[in-house]
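Here's the structure, in structure tokens; my notes come after.
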Amino acid sequence: MEWENMENRAKAIRIDVIREIHAAESGHPGGSLSAADIVTALYFGEMNIDPKNTKMENRDKLILSKGHAGPVQYAALAEKGFFPKEELITLRKIGSRLQGHPDYRKLPGIEMSTGSLGQGFAAACGMAMANKLDKSAGRIYVILGDGELQEGIVWEAAMSAAHYKLDNLTAIIDWNGLQIDGANDDVMTVRPVDEKFKAFGWNVISIDGHDFGQISQAFADAKGCGRKPTAIVAKTIKGKGVSFMEGNAGWHGKAPNDDEARRAVEELGGEW
């Protein structure tokens, strides 16, 4: 896909993120917006998936380990045609298929229920191992938040993935530098992320997480790395695309009001 088309997809997904969270009056816009370009590149450029055959053999799978960013995955799935876009505004409503955190029992395209940080990453490692045993061509992609790396289970799973040479596994760290309580470096620093994953036996690639050329090349390089899982450390901006949300930890888990939602959608090139 041409980069311009990819960027337009990402804008549409960001607009839908704002609409979802505004309608719900609850949710996590900051980390959803920071991951939007990565999610767009996966669903519209990288992954072998079919919205008309959601259980297709040898399909690629995306696990959103930072499950609180569910709105960006929902927006991408709707954009891809997994379910009607009109359903997006039911986010977090009673009876909705779009829960606050992804639930694989409810919504097609969700491969793992996530939300308890670190567990989605561990499950992704298990899925990659299962694909190896089944000789499946499907690749496993997993997106983690940078604050999520404070969870010990992440490093236990990382050690396991390297030990079993899971080269069909690609982890993308959404490195926006902020979490609910402020800057990662103030709460509990996880630096140096690249060197830590290298020490655990991973192939590591550092990129600008908003540059589609770099994102695409990183995915290609991950595929070409044999006998090692790959960690892509993607430098991003929390709240990317909305001026008053960018780099602001206060927008980690706060819904925009009517005026803020209108301003955000208009800044992203949409109509309110």
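Just remember, in the structure tokens the first chain shown is A, the second B, etc., residues are 1-based per chain, and ligands are 1-based in the order shown.
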**Q.** All helix (DSSP H, G or I) residues (DSSP, backbone) inside range 63-222 of chain A, as a ChimeraX atom specification
**A.** /A:67-80,85-90,119-134,147-150,152-163,184-188,193-199,212-222
Quiz prompt | Shell of 8 Å around range 208-217 of chain A, only C-alpha atoms, local chain residues under 5 positions omitted, as a PyMOL selection string | solution = chain A and resi 3+6+35+37-38+41+45-46+174+234-236
Preceding selection exported with C-alpha atoms as a PDB file, in the first residue's frame:
ATOM      1  CA  TRP A   3       2.337   5.479   2.252  1.00  0.00           C
ATOM      2  CA  MET A   6      -1.676   4.201   4.756  1.00  0.00           C
ATOM      3  CA  ALA A  35      -0.219   2.959  18.423  1.00  0.00           C
ATOM      4  CA  ASP A  37       0.273   3.877  12.810  1.00  0.00           C
ATOM      5  CA  ILE A  38       1.671   0.539  13.974  1.00  0.00           C
ATOM      6  CA  ALA A  41       0.616  -0.977   9.098  1.00  0.00           C
ATOM      7  CA  GLY A  45       0.113  -3.792   4.928  1.00  0.00           C
ATOM      8  CA  GLU A  46       1.615  -6.689   6.813  1.00  0.00           C
ATOM      9  CA  ASP A 174       4.880   1.330  21.819  1.00  0.00           C
ATOM     10  CA  ALA A 234       8.940   1.999  18.210  1.00  0.00           C
ATOM     11  CA  LYS A 235       9.403   5.580  19.446  1.00  0.00           C
ATOM     12  CA  THR A 236       5.968   7.178  19.463  1.00  0.00           C
TER      13      THR A 236
END
For range 134-144 of chain A, list every protein, DNA or RNA residue within 6 Å, evaluated using only C-alpha atoms, and leave out those in the same chain fewer than 6 positions away; present the list as a PDB file with C-alpha atoms, in the first residue's frame.
ATOM      1  CA  ASN A  58      -2.085 -20.099   8.675  1.00  0.00           C
ATOM      2  CA  ARG A  59      -3.417 -16.607   9.358  1.00  0.00           C
ATOM      3  CA  ASP A  60      -1.264 -14.058  11.132  1.00  0.00           C
ATOM      4  CA  LYS A  61      -2.412 -12.978  14.593  1.00  0.00           C
ATOM      5  CA  LEU A  62      -2.145  -9.702  16.461  1.00  0.00           C
ATOM      6  CA  ILE A  63      -2.285  -9.730  20.259  1.00  0.00           C
ATOM      7  CA  LEU A  64      -2.838  -6.305  21.812  1.00  0.00           C
ATOM      8  CA  SER A  65      -1.099  -6.934  25.111  1.00  0.00           C
ATOM      9  CA  LYS A  66      -1.732  -3.308  26.130  1.00  0.00           C
ATOM     10  CA  ALA A 128       4.197 -18.643  18.431  1.00  0.00           C
ATOM     11  CA  ASN A 168       7.810 -16.301  13.972  1.00  0.00           C
ATOM     12  CA  LEU A 169       7.192 -13.839  16.809  1.00  0.00           C
ATOM     13  CA  THR A 170       7.461 -10.054  16.504  1.00  0.00           C
ATOM     14  CA  ALA A 171       6.895  -7.822  19.511  1.00  0.00           C
ATOM     15  CA  ILE A 172       6.329  -4.102  19.003  1.00  0.00           C
ATOM     16  CA  ILE A 173       6.936  -1.861  22.003  1.00  0.00           C
TER      17      ILE A 173
END
Write out as a compact mmCIF listing (two decimals) with C-alpha atoms, in the first residue's frame all residues of range 100-148 of chain A that DSSP puts in strand (DSSP E or B) for this structure's backbone.
# COMPACT_ATOMS: atom_id res chain seq x y z
CA ILE A 140 2.40 -13.77 15.72
CA TYR A 141 2.54 -10.03 16.36
CA VAL A 142 2.14 -8.53 19.81
CA ILE A 143 1.98 -4.86 20.86
CA LEU A 144 3.16 -3.90 24.35
CA GLY A 145 3.12 -0.60 26.14
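For the set A:Lys93, A:Glu86, A:Gly120, A:Phe200, the residue with the smallest atom-to-atom gap to His68 in chain A is A:Gly120, counting only C-alpha atoms.
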The residue from A:Val154, A:Lys55, A:Ala75, A:Arg227 with the smallest atom-to-atom distance to Ala124 in chain A, counting only C-alpha atoms, is A:Val154
- request: Please indicate the distance in Å from CA of Asp194 in chain A to CA of Tyr164 in chain A, rounded to one decimal place.
  value: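 Taking CA of Asp194 in chain A as the start and CA of Tyr164 in chain A as the end point, the length is 19.9 Å.
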In terms of only C-alpha atoms, the residue from A:Arg92, A:Lys52, A:Lys238, A:Lys106 at minimal distance from Glu20 in chain A is A:Arg92
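Using only C-alpha atoms, the smallest distance between any of A:Gly126, A:Arg191, A:Arg105, A:His22 and Gly147 in chain A comes from A:Arg191.
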In Å and to one decimal, CA of Leu117 in chain A is distant from CA of Leu42 in chain A by 21.1 Å
inquiry  = Residues within 9 Å of Ala249 in chain A, please, as a VMD selection string. Count only C-alpha atoms; anything in the same chain fewer than 3 positions from it doesn't count.
reply    = chain A and resid 30 178 to 183 238 to 239 245 to 246 252 to 253
If you keep N, CA and C atoms, can you produce a file of those selected residues as a PDB file, in the first residue's frame?
ATOM      1  N   GLY A  30      -4.832   8.289  24.791  1.00  0.00           N
ATOM      2  CA  GLY A  30      -3.407   8.555  24.574  1.00  0.00           C
ATOM      3  C   GLY A  30      -2.660   7.412  23.937  1.00  0.00           C
ATOM      4  N   LEU A 178       5.185   7.519  28.420  1.00  0.00           N
ATOM      5  CA  LEU A 178       4.265   7.928  29.469  1.00  0.00           C
ATOM      6  C   LEU A 178       3.334   6.790  29.873  1.00  0.00           C
ATOM      7  N   GLN A 179       2.938   6.787  31.124  1.00  0.00           N
ATOM      8  CA  GLN A 179       1.945   5.839  31.609  1.00  0.00           C
ATOM      9  C   GLN A 179       0.974   6.600  32.502  1.00  0.00           C
ATOM     10  N   ILE A 180       0.043   5.893  33.122  1.00  0.00           N
ATOM     11  CA  ILE A 180      -1.048   6.593  33.810  1.00  0.00           C
ATOM     12  C   ILE A 180      -0.562   7.550  34.892  1.00  0.00           C
ATOM     13  N   ASP A 181       0.544   7.230  35.559  1.00  0.00           N
ATOM     14  CA  ASP A 181       1.025   8.058  36.665  1.00  0.00           C
ATOM     15  C   ASP A 181       2.088   9.074  36.254  1.00  0.00           C
ATOM     16  N   GLY A 182       2.381   9.153  34.943  1.00  0.00           N
ATOM     17  CA  GLY A 182       3.375  10.115  34.498  1.00  0.00           C
ATOM     18  C   GLY A 182       4.424   9.478  33.599  1.00  0.00           C
ATOM     19  N   ALA A 183       5.633  10.037  33.619  1.00  0.00           N
ATOM     20  CA  ALA A 183       6.705   9.525  32.779  1.00  0.00           C
ATOM     21  C   ALA A 183       7.207   8.184  33.299  1.00  0.00           C
ATOM     22  N   LYS A 238       2.573   9.910  22.669  1.00  0.00           N
ATOM     23  CA  LYS A 238       1.273   9.669  23.299  1.00  0.00           C
ATOM     24  C   LYS A 238       0.277  10.718  22.797  1.00  0.00           C
ATOM     25  N   GLY A 239      -0.908  10.277  22.379  1.00  0.00           N
ATOM     26  CA  GLY A 239      -1.916  11.201  21.875  1.00  0.00           C
ATOM     27  C   GLY A 239      -1.640  11.715  20.483  1.00  0.00           C
ATOM     28  N   MET A 245      -3.497  16.606  23.222  1.00  0.00           N
ATOM     29  CA  MET A 245      -3.278  15.309  23.857  1.00  0.00           C
ATOM     30  C   MET A 245      -1.828  14.851  23.741  1.00  0.00           C
ATOM     31  N   GLU A 246      -1.096  15.348  22.757  1.00  0.00           N
ATOM     32  CA  GLU A 246       0.255  14.867  22.496  1.00  0.00           C
ATOM     33  C   GLU A 246       1.182  15.116  23.686  1.00  0.00           C
ATOM     34  N   HIS A 252      -4.009   9.654  29.303  1.00  0.00           N
ATOM     35  CA  HIS A 252      -3.853   8.197  29.284  1.00  0.00           C
ATOM     36  C   HIS A 252      -5.210   7.506  29.375  1.00  0.00           C
ATOM     37  N   GLY A 253      -6.044   7.940  30.303  1.00  0.00           N
ATOM     38  CA  GLY A 253      -7.317   7.259  30.522  1.00  0.00           C
ATOM     39  C   GLY A 253      -8.461   8.216  30.770  1.00  0.00           C
TER      40      GLY A 253
END
Would you write out, as a tab-separated table, a table of all residues in range 168-271 of chain A that have an atom no more than 7 Å from an atom of range 9-15 of chain A, listing for each the closest atom pair and the distance in Å to one decimal, considering only C-alpha atoms and ordering rows by chain and rising residue number?
residue	atom	partner	partner_atom	distance
A:Val265	CA	A:Ile15	CA	5.5
A:Leu268	CA	A:Lys11	CA	6.2
A:Gly270	CA	A:Ile15	CA	6.8
Exercise. Tell me, as a list in words, which residues lie within 10 Å of Gln73 in chain A, counting only C-alpha atoms; anything in the same chain fewer than 2 positions away does not count.
Key: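 Contacts, in chain order: Ile13, Val17, Ser32, Ala35, Ala36, Val39, Thr40, Tyr43, Leu62, Ile63, Leu64, Gly67, Ala69, Gly70, Pro71, Ala75, Ala76, Leu77, Ala78, Glu79, Pro102, Gly109 and Ile110 of chain A.
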Suppose we keep N, CA and C atoms; can you now write the selection as a tab-separated table (two decimals), in the first residue's frame?
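Wrote again.tsv, looks like this:
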chain	number	residue	atom	x	y	z
A	13	ILE	N	-8.66	5.91	11.38
A	13	ILE	CA	-8.67	5.10	12.60
A	13	ILE	C	-8.57	6.00	13.82
A	17	VAL	N	-11.22	6.39	16.91
A	17	VAL	CA	-10.82	6.25	18.32
A	17	VAL	C	-11.46	7.36	19.15
A	32	SER	N	-3.96	4.71	22.58
A	32	SER	CA	-4.61	4.26	21.35
A	32	SER	C	-4.08	5.06	20.16
A	35	ALA	N	-0.40	4.24	19.11
A	35	ALA	CA	-0.22	2.96	18.42
A	35	ALA	C	-0.91	2.88	17.07
A	36	ALA	N	-1.61	3.94	16.67
A	36	ALA	CA	-2.45	3.87	15.48
A	36	ALA	C	-1.68	3.56	14.20
A	39	VAL	N	-0.64	-0.17	14.26
A	39	VAL	CA	-1.81	-1.02	14.02
A	39	VAL	C	-2.24	-0.95	12.56
A	40	THR	N	-2.22	0.25	11.99
A	40	THR	CA	-2.59	0.43	10.58
A	40	THR	C	-1.66	-0.36	9.68
A	43	TYR	N	-2.53	-4.20	9.97
A	43	TYR	CA	-3.78	-4.65	9.37
A	43	TYR	C	-3.89	-4.38	7.88
A	62	LEU	N	-2.61	-10.84	15.67
A	62	LEU	CA	-2.14	-9.70	16.46
A	62	LEU	C	-2.74	-9.81	17.86
A	63	ILE	N	-1.87	-9.77	18.86
A	63	ILE	CA	-2.29	-9.73	20.26
A	63	ILE	C	-1.99	-8.33	20.79
A	64	LEU	N	-3.02	-7.63	21.23
A	64	LEU	CA	-2.84	-6.31	21.81
A	64	LEU	C	-2.63	-6.48	23.31
A	67	GLY	N	-4.02	-4.02	26.45
A	67	GLY	CA	-5.43	-4.14	26.09
A	67	GLY	C	-6.26	-2.91	26.34
A	69	ALA	N	-5.75	-0.18	25.18
A	69	ALA	CA	-5.79	0.54	23.90
A	69	ALA	C	-6.73	-0.15	22.91
A	70	GLY	N	-7.66	-0.93	23.43
A	70	GLY	CA	-8.63	-1.63	22.59
A	70	GLY	C	-9.30	-0.76	21.54
A	71	PRO	N	-9.63	0.52	21.82
A	71	PRO	CA	-10.29	1.34	20.80
A	71	PRO	C	-9.55	1.41	19.47
A	75	ALA	N	-11.15	0.07	16.01
A	75	ALA	CA	-11.26	0.98	14.86
A	75	ALA	C	-10.62	0.36	13.62
A	76	ALA	N	-9.46	-0.29	13.79
A	76	ALA	CA	-8.78	-0.92	12.66
A	76	ALA	C	-9.58	-2.11	12.13
A	77	LEU	N	-10.14	-2.93	13.03
A	77	LEU	CA	-10.93	-4.08	12.60
A	77	LEU	C	-12.17	-3.63	11.83
A	78	ALA	N	-12.82	-2.56	12.29
A	78	ALA	CA	-13.98	-2.03	11.58
A	78	ALA	C	-13.57	-1.48	10.22
A	79	GLU	N	-12.45	-0.77	10.19
A	79	GLU	CA	-11.94	-0.22	8.93
A	79	GLU	C	-11.61	-1.33	7.94
A	102	PRO	N	-10.20	-5.94	25.01
A	102	PRO	CA	-10.62	-6.91	23.98
A	102	PRO	C	-11.01	-8.27	24.56
A	109	GLY	N	-11.88	-11.31	14.92
A	109	GLY	CA	-10.62	-10.60	14.71
A	109	GLY	C	-9.79	-10.44	15.96
A	110	ILE	N	-10.41	-10.60	17.13
A	110	ILE	CA	-9.67	-10.57	18.39
A	110	ILE	C	-9.17	-11.99	18.67
Determine, counting only C-alpha atoms, which protein, DNA and RNA residues have an atom within 12 Å of an atom of Ala158 in chain A; residues of the same chain fewer than 2 positions away are not included. Present the result as a tab-separated table (two decimals) with N, CA and C atoms, in the first residue's frame.
chain	number	residue	atom	x	y	z
A	118	GLY	N	1.07	-7.66	30.56
A	118	GLY	CA	2.09	-8.70	30.50
A	118	GLY	C	1.56	-10.04	30.05
A	119	GLN	N	0.30	-10.32	30.37
A	119	GLN	CA	-0.23	-11.64	30.06
A	119	GLN	C	-0.46	-11.85	28.57
A	121	PHE	N	1.38	-10.67	26.20
A	121	PHE	CA	2.70	-10.97	25.64
A	121	PHE	C	3.07	-12.42	25.89
A	122	ALA	N	2.83	-12.91	27.10
A	122	ALA	CA	3.13	-14.31	27.42
A	122	ALA	C	2.31	-15.25	26.55
A	123	ALA	N	1.02	-14.92	26.36
A	123	ALA	CA	0.17	-15.75	25.51
A	123	ALA	C	0.66	-15.75	24.07
A	124	ALA	N	1.13	-14.59	23.59
A	124	ALA	CA	1.65	-14.49	22.22
A	124	ALA	C	2.85	-15.41	22.04
A	125	CYS	N	3.70	-15.47	23.05
A	125	CYS	CA	4.85	-16.38	22.99
A	125	CYS	C	4.37	-17.83	22.89
A	126	GLY	N	3.33	-18.16	23.65
A	126	GLY	CA	2.76	-19.51	23.57
A	126	GLY	C	2.16	-19.80	22.21
A	149	LEU	N	6.33	-2.98	30.37
A	149	LEU	CA	7.60	-3.69	30.55
A	149	LEU	C	8.02	-3.74	32.02
A	151	GLU	N	6.26	-5.14	34.16
A	151	GLU	CA	5.71	-6.40	34.64
A	151	GLU	C	6.74	-7.53	34.49
A	152	GLY	N	6.97	-8.27	35.56
A	152	GLY	CA	7.96	-9.34	35.52
A	152	GLY	C	7.64	-10.45	34.54
A	153	ILE	N	6.35	-10.72	34.30
A	153	ILE	CA	5.97	-11.79	33.39
A	153	ILE	C	6.48	-11.55	31.98
A	154	VAL	N	6.65	-10.27	31.62
A	154	VAL	CA	7.17	-9.94	30.29
A	154	VAL	C	8.56	-10.55	30.10
A	155	TRP	N	9.40	-10.45	31.11
A	155	TRP	CA	10.78	-10.90	30.96
A	155	TRP	C	10.89	-12.41	31.08
A	156	GLU	N	10.00	-13.04	31.84
A	156	GLU	CA	9.96	-14.50	31.85
A	156	GLU	C	9.58	-15.03	30.47
A	160	SER	N	11.79	-17.17	27.55
A	160	SER	CA	11.27	-18.40	26.94
A	160	SER	C	11.27	-18.31	25.42
A	161	ALA	N	10.84	-17.18	24.88
A	161	ALA	CA	10.75	-17.02	23.42
A	161	ALA	C	12.12	-17.14	22.76
A	162	ALA	N	13.14	-16.57	23.40
A	162	ALA	CA	14.49	-16.69	22.85
A	162	ALA	C	15.01	-18.12	22.97
A	163	HIS	N	14.72	-18.75	24.10
A	163	HIS	CA	15.19	-20.13	24.32
A	163	HIS	C	14.64	-21.06	23.23
A	164	TYR	N	13.39	-20.87	22.87
A	164	TYR	CA	12.75	-21.75	21.88
A	164	TYR	C	12.87	-21.22	20.45
A	165	LYS	N	13.68	-20.17	20.28
A	165	LYS	CA	14.00	-19.65	18.94
A	165	LYS	C	12.74	-19.33	18.13
A	166	LEU	N	11.86	-18.56	18.72
A	166	LEU	CA	10.57	-18.26	18.09
A	166	LEU	C	10.71	-17.11	17.09
A	169	LEU	N	7.78	-14.78	15.85
A	169	LEU	CA	7.19	-13.84	16.81
A	169	LEU	C	7.83	-12.46	16.67
A	170	THR	N	6.99	-11.44	16.53
A	170	THR	CA	7.46	-10.05	16.50
A	170	THR	C	6.72	-9.26	17.56
A	171	ALA	N	7.47	-8.69	18.48
A	171	ALA	CA	6.90	-7.82	19.51
A	171	ALA	C	7.18	-6.37	19.14
A	196	LYS	N	18.15	-4.52	26.90
A	196	LYS	CA	17.55	-5.59	27.70
A	196	LYS	C	17.06	-6.73	26.83
A	197	PHE	N	16.33	-6.40	25.76
A	197	PHE	CA	15.84	-7.46	24.87
A	197	PHE	C	17.01	-8.18	24.19
A	198	LYS	N	18.04	-7.44	23.84
A	198	LYS	CA	19.23	-8.09	23.27
A	198	LYS	C	19.84	-9.07	24.27
A	199	ALA	N	19.92	-8.65	25.53
A	199	ALA	CA	20.49	-9.51	26.56
A	199	ALA	C	19.66	-10.77	26.78
A	200	PHE	N	18.36	-10.67	26.49
A	200	PHE	CA	17.49	-11.83	26.61
A	200	PHE	C	17.48	-12.69	25.35
A	201	GLY	N	18.32	-12.33	24.37
A	201	GLY	CA	18.48	-13.17	23.18
A	201	GLY	C	17.62	-12.81	22.00
A	202	TRP	N	17.07	-11.61	22.00
A	202	TRP	CA	16.19	-11.18	20.91
A	202	TRP	C	16.94	-10.37	19.85
A	203	ASN	N	16.44	-10.43	18.63
A	203	ASN	CA	16.83	-9.49	17.60
A	203	ASN	C	16.08	-8.19	17.88
A	228	LYS	N	15.56	-16.31	15.94
A	228	LYS	CA	15.40	-15.36	17.05
A	228	LYS	C	14.07	-14.64	16.93
A	229	PRO	N	13.38	-14.41	18.06
A	229	PRO	CA	12.24	-13.50	18.02
A	229	PRO	C	12.75	-12.07	17.84
A	230	THR	N	11.89	-11.19	17.33
A	230	THR	CA	12.29	-9.80	17.10
A	230	THR	C	11.47	-8.85	17.95
A	231	ALA	N	12.15	-7.90	18.57
A	231	ALA	CA	11.50	-6.81	19.29
A	231	ALA	C	11.72	-5.51	18.52
Shell around range 254-264 of chain A at 9 Å using only C-alpha atoms, local window under 5 positions removed, as a list in words: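 Returned residues: Ile15, Ile18, Arg19, Ile21, His22, Ala23, Ala24, Glu25, Ser26, Gly27, His28, Pro29, Gly30, Gly241, Val242, Ser243, Phe244, Met245, Gly269, Gly270, Glu271 and Trp272 of chain A.
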